[in-house]
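J.: Pasting run14.cif here (mmCIF, C-alpha atoms):
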data_data
loop_
_atom_site.label_atom_id
_atom_site.label_comp_id
_atom_site.auth_asym_id
_atom_site.auth_seq_id
_atom_site.Cartn_x
_atom_site.Cartn_y
_atom_site.Cartn_z
CA MET A 1 0.00 0.00 0.00
CA LYS A 2 1.25 3.45 -0.93
CA ILE A 3 0.77 6.65 1.04
CA ILE A 4 0.71 9.74 -1.18
CA THR A 5 0.52 13.29 0.15
CA SER A 6 0.84 15.26 -3.11
CA ALA A 7 -2.09 15.79 -5.46
CA LYS A 8 0.21 15.93 -8.50
CA GLU A 9 1.95 12.71 -7.49
CA LEU A 10 -1.38 10.94 -7.10
CA GLN A 11 -2.57 12.23 -10.46
CA LYS A 12 0.54 10.73 -12.08
CA GLU A 13 -0.16 7.41 -10.39
CA VAL A 14 -3.81 7.47 -11.47
CA LEU A 15 -2.82 8.25 -15.06
CA LYS A 16 -0.69 5.13 -15.15
CA TYR A 17 -3.62 2.94 -14.10
CA ARG A 18 -5.95 4.74 -16.48
CA GLU A 19 -3.59 4.04 -19.38
CA GLU A 20 -3.65 0.37 -18.39
CA LYS A 21 -7.48 0.45 -18.56
CA LYS A 22 -7.76 -0.48 -14.88
CA SER A 23 -10.81 0.54 -12.90
CA ILE A 24 -10.50 2.81 -9.87
CA GLY A 25 -12.71 2.81 -6.79
CA PHE A 26 -12.54 5.82 -4.48
CA VAL A 27 -13.46 5.96 -0.78
CA PRO A 28 -13.25 9.50 0.65
CA THR A 29 -12.99 9.70 4.46
CA MET A 30 -12.02 12.07 7.24
CA GLY A 31 -10.13 9.28 8.96
CA TYR A 32 -10.59 7.73 12.39
CA LEU A 33 -11.80 4.71 10.48
CA HIS A 34 -14.42 2.24 11.67
CA GLU A 35 -16.41 -0.69 10.28
CA GLY A 36 -18.60 1.68 8.27
CA HIS A 37 -15.59 2.90 6.31
CA MET A 38 -14.36 -0.67 5.90
CA SER A 39 -17.71 -1.62 4.40
CA LEU A 40 -17.11 1.00 1.71
CA VAL A 41 -13.64 -0.40 1.12
CA HIS A 42 -14.95 -3.95 0.81
CA HIS A 43 -17.45 -2.88 -1.83
CA ALA A 44 -14.74 -0.97 -3.70
CA ARG A 45 -12.34 -3.91 -3.49
CA LYS A 46 -14.87 -6.27 -5.07
CA GLU A 47 -15.65 -3.97 -7.97
CA ASN A 48 -12.35 -2.33 -8.95
CA ASP A 49 -8.74 -3.04 -9.83
CA LEU A 50 -7.42 -0.19 -7.70
CA VAL A 51 -8.83 1.20 -4.43
CA ILE A 52 -7.90 4.72 -3.35
CA MET A 53 -8.88 6.07 0.04
CA SER A 54 -8.48 9.70 1.04
CA VAL A 55 -7.92 10.64 4.68
CA PHE A 56 -8.49 14.37 5.03
CA VAL A 57 -10.29 16.32 7.73
CA ASN A 58 -11.78 19.03 5.56
CA PRO A 59 -11.85 22.40 7.36
CA LEU A 60 -14.32 23.91 4.88
CA GLN A 61 -17.18 21.70 6.07
CA PHE A 62 -16.85 22.68 9.74
CA GLY A 63 -18.63 25.72 11.11
CA PRO A 64 -16.94 28.22 13.46
CA ASN A 65 -18.33 26.52 16.59
CA GLU A 66 -17.91 22.93 15.41
CA ASP A 67 -15.31 20.32 16.29
CA PHE A 68 -12.63 20.66 13.60
CA ASP A 69 -9.72 20.97 16.05
CA SER A 70 -10.96 18.19 18.31
CA TYR A 71 -12.19 15.86 15.56
CA PRO A 72 -10.63 12.44 16.35
CA ARG A 73 -7.47 11.68 14.38
CA ASP A 74 -5.21 8.60 14.45
CA PHE A 75 -3.44 8.14 11.14
CA GLU A 76 -1.30 5.18 12.25
CA ARG A 77 -4.44 3.28 13.15
CA ASP A 78 -6.11 4.38 9.89
CA GLU A 79 -3.08 3.22 7.91
CA ARG A 80 -3.16 -0.20 9.53
CA LEU A 81 -6.89 -0.68 8.98
CA ALA A 82 -6.71 0.48 5.37
CA LYS A 83 -3.81 -1.84 4.58
CA ASN A 84 -5.46 -4.84 6.25
CA ASN A 85 -8.67 -4.29 4.28
CA GLY A 86 -7.19 -4.01 0.81
CA VAL A 87 -6.68 -0.30 0.15
CA ASP A 88 -3.98 0.22 -2.50
CA ILE A 89 -3.34 3.95 -2.05
CA ILE A 90 -4.04 6.34 0.80
CA PHE A 91 -4.18 9.97 -0.25
CA TYR A 92 -3.20 11.85 2.92
CA PRO A 93 -2.81 15.54 2.06
CA GLN A 94 -2.28 18.40 4.46
CA VAL A 95 -4.63 21.38 4.38
CA GLU A 96 -1.97 23.44 2.58
CA GLU A 97 -1.90 20.87 -0.21
CA MET A 98 -5.64 21.04 -0.78
CA TYR A 99 -6.25 24.74 -0.26
CA LYS A 100 -3.86 27.50 -1.20
CA ASP A 101 -3.80 30.86 0.60
CA THR A 102 -6.04 32.37 -2.07
CA PHE A 103 -8.88 30.58 -3.80
CA SER A 104 -10.24 31.90 -7.08
CA PHE A 105 -13.62 30.17 -6.91
CA HIS A 106 -16.38 29.51 -4.43
CA VAL A 107 -18.66 26.47 -4.66
CA LYS A 108 -22.24 27.11 -3.55
CA VAL A 109 -24.75 24.27 -3.26
CA LEU A 110 -28.21 25.59 -4.11
CA ASN A 111 -30.55 22.63 -3.81
CA LYS A 112 -31.18 19.95 -1.16
CA VAL A 113 -29.45 22.00 1.55
CA ASN A 114 -32.31 23.78 3.32
CA VAL A 115 -33.38 20.65 5.20
CA LEU A 116 -31.84 18.15 7.61
CA CYS A 117 -28.23 18.96 8.57
CA GLY A 118 -27.87 21.65 5.93
CA GLN A 119 -30.55 23.79 7.54
CA LYS A 120 -28.48 24.53 10.65
CA ARG A 121 -24.96 23.99 9.30
CA GLU A 122 -24.66 26.91 6.91
CA GLY A 123 -21.89 26.38 4.39
CA HIS A 124 -21.30 22.77 5.42
CA PHE A 125 -22.27 21.26 2.09
CA ASP A 126 -20.45 24.01 0.20
CA GLY A 127 -17.32 22.69 1.90
CA VAL A 128 -18.25 19.08 1.13
CA ALA A 129 -18.86 19.92 -2.53
CA THR A 130 -15.59 21.87 -2.82
CA VAL A 131 -13.42 19.09 -1.45
CA LEU A 132 -15.19 16.38 -3.46
CA ILE A 133 -14.85 18.25 -6.74
CA LYS A 134 -11.13 18.51 -6.03
CA LEU A 135 -10.83 14.87 -4.92
CA PHE A 136 -12.78 13.60 -7.93
CA ASN A 137 -10.43 15.49 -10.24
CA ILE A 138 -7.36 14.22 -8.42
CA THR A 139 -8.39 10.54 -8.18
CA GLN A 140 -10.47 10.27 -11.39
CA PRO A 141 -12.36 7.22 -10.16
CA ASN A 142 -14.77 5.00 -12.05
CA ARG A 143 -16.82 4.53 -8.89
CA ALA A 144 -17.08 6.49 -5.63
CA TYR A 145 -18.42 4.94 -2.42
CA PHE A 146 -20.42 6.76 0.26
CA GLY A 147 -22.31 5.56 3.32
CA MET A 148 -26.02 6.17 3.62
CA LYS A 149 -25.68 7.31 7.23
CA ASP A 150 -25.38 10.79 5.76
CA ALA A 151 -28.16 10.35 3.21
CA GLN A 152 -28.37 14.09 2.54
CA GLN A 153 -24.73 14.09 1.55
CA VAL A 154 -25.31 11.15 -0.80
CA ALA A 155 -28.21 13.00 -2.45
CA ILE A 156 -26.08 16.12 -2.93
CA ILE A 157 -23.14 14.10 -4.29
CA GLU A 158 -25.51 12.59 -6.83
CA SER A 159 -26.26 16.13 -8.01
CA ILE A 160 -22.55 17.06 -8.08
CA ILE A 161 -21.73 14.11 -10.30
CA GLU A 162 -24.64 14.85 -12.63
CA ASP A 163 -24.30 18.63 -12.78
CA PHE A 164 -20.51 18.65 -13.30
CA ASN A 165 -20.61 15.71 -15.73
CA PHE A 166 -18.19 13.55 -13.78
CA PRO A 167 -17.87 10.13 -15.44
CA ILE A 168 -18.29 8.49 -12.03
CA THR A 169 -20.78 5.93 -10.75
CA LEU A 170 -22.00 6.81 -7.26
CA VAL A 171 -22.30 3.71 -5.07
CA PRO A 172 -24.38 4.27 -1.89
CA VAL A 173 -23.65 1.70 0.82
CA ASP A 174 -26.05 0.74 3.60
CA ILE A 175 -25.49 2.03 7.13
CA VAL A 176 -23.26 -0.20 9.26
CA ARG A 177 -24.52 -0.55 12.81
CA GLU A 178 -23.34 -1.79 16.18
CA GLU A 179 -25.02 -4.93 17.50
CA ASP A 180 -27.49 -2.75 19.44
CA GLY A 181 -28.41 -0.74 16.34
CA LEU A 182 -26.35 2.42 16.84
CA ALA A 183 -25.01 3.69 13.51
CA LYS A 184 -21.22 3.52 13.36
CA SER A 185 -19.66 6.98 13.61
CA SER A 186 -16.29 8.46 14.46
CA ARG A 187 -18.11 10.78 16.85
CA ASN A 188 -19.51 7.94 18.97
CA VAL A 189 -16.33 8.13 21.06
CA TYR A 190 -17.63 11.44 22.47
CA LEU A 191 -20.62 9.77 24.16
CA SER A 192 -20.65 9.21 27.91
CA ASP A 193 -21.47 5.70 29.15
CA GLN A 194 -25.07 6.72 29.82
CA GLU A 195 -25.40 8.41 26.42
CA ARG A 196 -23.90 5.38 24.70
CA ASN A 197 -26.60 3.24 26.30
CA GLU A 198 -29.28 5.67 25.16
CA ALA A 199 -28.01 6.29 21.62
CA PRO A 200 -29.45 3.10 20.02
CA GLN A 201 -32.90 4.54 20.72
CA LEU A 202 -32.52 6.77 17.67
CA TYR A 203 -32.69 3.69 15.47
CA GLU A 204 -35.48 2.21 17.61
CA ALA A 205 -37.49 5.39 17.01
CA LEU A 206 -36.96 5.12 13.27
CA LYS A 207 -37.99 1.47 13.30
CA ARG A 208 -41.09 2.45 15.28
CA ALA A 209 -42.04 4.91 12.54
CA LYS A 210 -41.52 2.34 9.81
CA SER A 211 -43.65 -0.13 11.76
CA LEU A 212 -46.45 2.43 11.83
CA VAL A 213 -46.09 2.89 8.06
CA GLU A 214 -46.37 -0.87 7.59
CA GLN A 215 -49.60 -0.69 9.60
CA GLY A 216 -50.97 1.92 7.19
CA GLU A 217 -50.01 5.24 8.82
CA TYR A 218 -48.87 7.60 6.04
CA ASP A 219 -49.40 10.98 7.71
CA VAL A 220 -46.05 12.73 8.10
CA ARG A 221 -46.95 14.73 11.21
CA THR A 222 -48.16 11.62 13.05
CA LEU A 223 -44.96 9.76 12.20
CA GLN A 224 -42.76 12.68 13.23
CA LEU A 225 -44.54 12.88 16.57
CA ALA A 226 -44.05 9.15 17.17
CA VAL A 227 -40.30 9.44 16.52
CA SER A 228 -39.92 12.56 18.69
CA GLU A 229 -41.83 11.07 21.59
CA HIS A 230 -39.77 7.89 21.53
CA ILE A 231 -36.46 9.77 21.54
CA SER A 232 -37.59 12.19 24.25
CA LYS A 233 -38.81 9.33 26.45
CA HIS A 234 -35.75 7.10 26.10
CA THR A 235 -32.80 9.52 25.84
CA SER A 236 -31.39 12.59 27.55
CA GLY A 237 -30.44 14.08 24.18
CA GLU A 238 -31.87 17.24 22.66
CA ILE A 239 -33.70 16.65 19.39
CA ASP A 240 -32.26 18.81 16.62
CA TYR A 241 -34.70 17.61 13.96
CA VAL A 242 -37.05 14.84 12.92
CA GLU A 243 -37.78 15.17 9.21
CA ILE A 244 -39.63 13.09 6.66
CA LEU A 245 -38.94 13.94 3.01
CA ASN A 246 -39.04 12.40 -0.42
CA TYR A 247 -35.68 10.98 -1.54
CA PRO A 248 -33.33 11.86 -3.15
CA GLU A 249 -35.11 15.14 -3.95
CA LEU A 250 -35.27 16.01 -0.21
CA GLU A 251 -38.50 17.94 -0.58
CA PRO A 252 -41.12 18.27 2.19
CA ILE A 253 -44.20 16.05 1.97
CA GLN A 254 -47.44 15.83 3.93
CA VAL A 255 -48.32 12.23 3.12
CA LEU A 256 -45.91 9.43 2.27
CA SER A 257 -45.65 8.40 -1.39
CA GLY A 258 -42.75 6.97 -3.37
CA LYS A 259 -39.21 6.78 -1.96
CA THR A 260 -39.01 8.36 1.47
CA ILE A 261 -36.41 9.21 4.11
CA ILE A 262 -37.09 9.52 7.83
CA ALA A 263 -34.10 11.24 9.41
CA VAL A 264 -33.15 12.40 12.90
CA ALA A 265 -30.40 14.40 14.55
CA VAL A 266 -29.94 14.44 18.33
CA LYS A 267 -27.49 16.47 20.38
CA PHE A 268 -25.84 14.81 23.33
CA THR A 269 -23.33 16.54 25.62
CA LYS A 270 -20.33 16.32 23.29
CA ALA A 271 -21.73 14.63 20.19
CA ARG A 272 -24.45 15.29 17.65
CA LEU A 273 -25.66 12.01 16.18
CA ILE A 274 -27.60 11.50 12.96
CA ASP A 275 -29.47 8.47 11.68
CA ASN A 276 -32.06 7.65 9.04
CA ILE A 277 -33.99 5.00 7.21
CA THR A 278 -35.06 5.11 3.58
CA PHE A 279 -37.73 3.02 1.91
CA ASP A 280 -40.10 3.02 -1.04
CA ILE A 281 -43.67 3.27 0.14
CA LYS A 282 -44.74 1.34 -2.96
CA HIS A 283 -42.83 -1.70 -1.72
CA ILE A 284 -43.35 -1.33 2.01
CA ASN A 285 -45.87 -4.16 2.31
CA ASN A 286 -44.41 -6.42 -0.36
#
Mind turning the file's structure into structure tokens?

T.:
Amino acid sequence: MKIITSAKELQKEVLKYREEKKSIGFVPTMGYLHEGHMSLVHHARKENDLVIMSVFVNPLQFGPNEDFDSYPRDFERDERLAKNNGVDIIFYPQVEEMYKDTFSFHVKVLNKVNVLCGQKREGHFDGVATVLIKLFNITQPNRAYFGMKDAQQVAIIESIIEDFNFPITLVPVDIVREEDGLAKSSRNVYLSDQERNEAPQLYEALKRAKSLVEQGEYDVRTLQLAVSEHISKHTSGEIDYVEILNYPELEPIQVLSGKTIIAVAVKFTKARLIDNITFDIKHINN
């Protein structure tokens, strides 16, 4: 496994594989890897000749009061996990490599951002879009792999690929969960013991809503209330949002129809956790 820190050096390496007609799978991460990231790698390994992983904590997607400085980092551990799971190249740039002192352009995401996490994290997805456009150009992958834990991000990346005409296939990968249902996240380490015991209730609340849908409840407000009540009753966290939207358009709905996302965000003392489920109402009882 190679570790490359220079964008130009990686582009030279990619060109060599491109000339050999080899397929490239790309897994972008912010490091502090867990089983969710490894699931992306395993999918990429099955479907491509070369697997590139980026490890870069992107400052542009953190707000002024968010956890950029304290975001967990352990590159030696990341390197070991990546190597053991079949990554061929880690792209590990410093901030100075990705962003020069002056930047001639500003990326602004216009759609799908005024809901879910984008509603209260102004500029977050602008930062995500900026770094991904750069990473896509540097790695030139055939396929790019993203986890559905951040389903809003996946929907926006779909638009990036389409709108900028990237010849890339987006591969969404199902959420990887702990045995008790908690979605894997690098930020789970911030939870206290009590909060860690409570956190699986986010998924239980989502499952409760889906169960109601299976019983014929399609009213969005009723489902939102069921999710909120479950989380409030079983956790000490503060609900940031409970939203039900069509997917991947991420538009508000009053009654379920077609493909739907039910998503939650809950603030604990030192961690803000997100989770979601997606399903097609047309197939819910099949």

J.: From the options A:Asn137, A:Asn114, A:Gln153, A:Thr102, which residue's atoms come nearest to Phe166 (chain A), counting only C-alpha atoms?

T.: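 Ranking A:Asn137, A:Asn114, A:Gln153, A:Thr102 by distance to Phe166 (chain A), first place goes to A:Asn137.
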
J.: Once the PyMOL selection byres ((chain A and resi 27-38) around 8) has been applied to the shown file, what residues remain in the selection, as a PyMOL selection string?

T.: chain A and resi 25-26+39-42+44+51-58+72-75+77-78+81-82+85+144-147+175-177+184-186

J.: Skip Tyr241 (chain A) itself and residues of its chain fewer than 5 positions away, then list as a list in words all residues within 9 Å of it, counting only C-alpha atoms.

T.: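 Skipping anything fewer than 5 positions along the chain leaves Leu116, Cys117, Ser228, Ala263, Val264, Ala265 and Val266 of chain A.
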
J.: If we count all atoms listed in the file, what is near region 124-126 of chain A at a cut-off of 8 Å, once residues fewer than 5 positions away on the same chain are taken out, given as a ChimeraX atom specification?

T.: /A:60-63,107-109,113,118,153

J.: Figure out the distance between CA of Ala226 (chain A) and CA of Ile244 (chain A), please, to one decimal in Å.

T.: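 One can read the CA of Ile244 (chain A) to CA of Ala226 (chain A) distance as 12.1 Å.
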
J.: With distances taken over all atoms listed in the file, which residue among A:Asp150, A:Ile160, A:Ile4, A:Asn48 lies nearest Pro93 (chain A)?

T.: A:Ile4

J.: Which residue is closest to Arg221 (chain A)? Choose from A:Gln201, A:Gln254, A:Gln119, A:Asn246 and count all atoms listed in the file.

T.: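 Comparing A:Gln201, A:Gln254, A:Gln119, A:Asn246 against Arg221 (chain A), the winner is A:Gln254.
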
J.: How far is it from CA of Ile3 (chain A) to CA of Glu66 (chain A), in Å with one decimal?

T.: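 Taking CA of Ile3 (chain A) as the start and CA of Glu66 (chain A) as the end point, the length is 28.6 Å.
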
J.: Given the choices A:Asn84, A:Gln140, A:Asn111, A:Ser232, which gets closest to Leu250 (chain A) if the distance is worked out from only C-alpha atoms?

T.: A:Asn111

J.: Distance CA of Met1 (chain A)-CA of Ile89 (chain A), one decimal place?

T.: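 Pair CA of Met1 (chain A) / CA of Ile89 (chain A) returns 5.6 Å.
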
J.: Which residue is closest to Glu251 (chain A)? Choose from A:Lys233, A:Lys267, A:Lys210, A:Lys112 and count all atoms listed in the file.

T.: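 For Glu251 (chain A), the nearest of the given residues is A:Lys112.
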
J.: What's the 7 Å shell around region 168-170 of chain A, counting only C-alpha atoms, without same-chain residues fewer than 5 positions away, as a VMD selection string?

T.: chain A and resid 141 to 145 158 161

J.: Looking at only C-alpha atoms, which of A:Ala129, A:Glu238, A:Pro248, A:Glu204 is the one that sits closest to Phe164 (chain A)?

T.: A:Ala129

J.: Spell out the residues picked by the PyMOL selection byres ((chain A and resi 219) around 12) here, as an MDAnalysis selection string.

T.: chainID A and resid 209:210 212:213 215:218 220:226 244:245 253:257

J.: Please write as number ranges by chain the full residue list that the PyMOL selection byres ((chain A and resi 96) around 12) yields on this file.

T.: A: 5-7, 56, 58-59, 92-95, 97-103

J.: With C-alpha atoms retained, export the selected residues as a short mmCIF file (atom, residue, chain, number, x, y, z; two decimals), in the coordinates of the input.

T.:
data_model
loop_
_atom_site.label_atom_id
_atom_site.label_comp_id
_atom_site.auth_asym_id
_atom_site.auth_seq_id
_atom_site.Cartn_x
_atom_site.Cartn_y
_atom_site.Cartn_z
CA THR A 5 0.52 13.29 0.15
CA SER A 6 0.84 15.26 -3.11
CA ALA A 7 -2.09 15.79 -5.46
CA PHE A 56 -8.49 14.37 5.03
CA ASN A 58 -11.78 19.03 5.56
CA PRO A 59 -11.85 22.40 7.36
CA TYR A 92 -3.20 11.85 2.92
CA PRO A 93 -2.81 15.54 2.06
CA GLN A 94 -2.28 18.40 4.46
CA VAL A 95 -4.63 21.38 4.38
CA GLU A 97 -1.90 20.87 -0.21
CA MET A 98 -5.64 21.04 -0.78
CA TYR A 99 -6.25 24.74 -0.26
CA LYS A 100 -3.86 27.50 -1.20
CA ASP A 101 -3.80 30.86 0.60
CA THR A 102 -6.04 32.37 -2.07
CA PHE A 103 -8.88 30.58 -3.80
#

J.: Per residue of region 177-233 of chain A within 9 Å of region 273-282 of chain A, note the shortest atom pair and the distance in Å to one decimal, counting only C-alpha atoms, and order the rows by chain and increasing residue number, as JSON lines.

T.:
{"residue": "A:Leu182", "atom": "CA", "partner": "A:Asp275", "partner_atom": "CA", "distance": 8.5}
{"residue": "A:Ala183", "atom": "CA", "partner": "A:Asp275", "partner_atom": "CA", "distance": 6.8}
{"residue": "A:Ser185", "atom": "CA", "partner": "A:Leu273", "partner_atom": "CA", "distance": 8.2}
{"residue": "A:Arg187", "atom": "CA", "partner": "A:Leu273", "partner_atom": "CA", "distance": 7.7}
{"residue": "A:Asn188", "atom": "CA", "partner": "A:Leu273", "partner_atom": "CA", "distance": 7.9}
{"residue": "A:Ala199", "atom": "CA", "partner": "A:Leu273", "partner_atom": "CA", "distance": 8.2}
{"residue": "A:Leu202", "atom": "CA", "partner": "A:Asp275", "partner_atom": "CA", "distance": 6.9}
{"residue": "A:Tyr203", "atom": "CA", "partner": "A:Asp275", "partner_atom": "CA", "distance": 6.9}
{"residue": "A:Leu206", "atom": "CA", "partner": "A:Ile277", "partner_atom": "CA", "distance": 6.7}
{"residue": "A:Lys207", "atom": "CA", "partner": "A:Ile277", "partner_atom": "CA", "distance": 8.1}
{"residue": "A:Lys210", "atom": "CA", "partner": "A:Ile277", "partner_atom": "CA", "distance": 8.4}
{"residue": "A:Val213", "atom": "CA", "partner": "A:Ile281", "partner_atom": "CA", "distance": 8.3}
{"residue": "A:Glu214", "atom": "CA", "partner": "A:Ile281", "partner_atom": "CA", "distance": 8.9}
{"residue": "A:Tyr218", "atom": "CA", "partner": "A:Ile281", "partner_atom": "CA", "distance": 9.0}
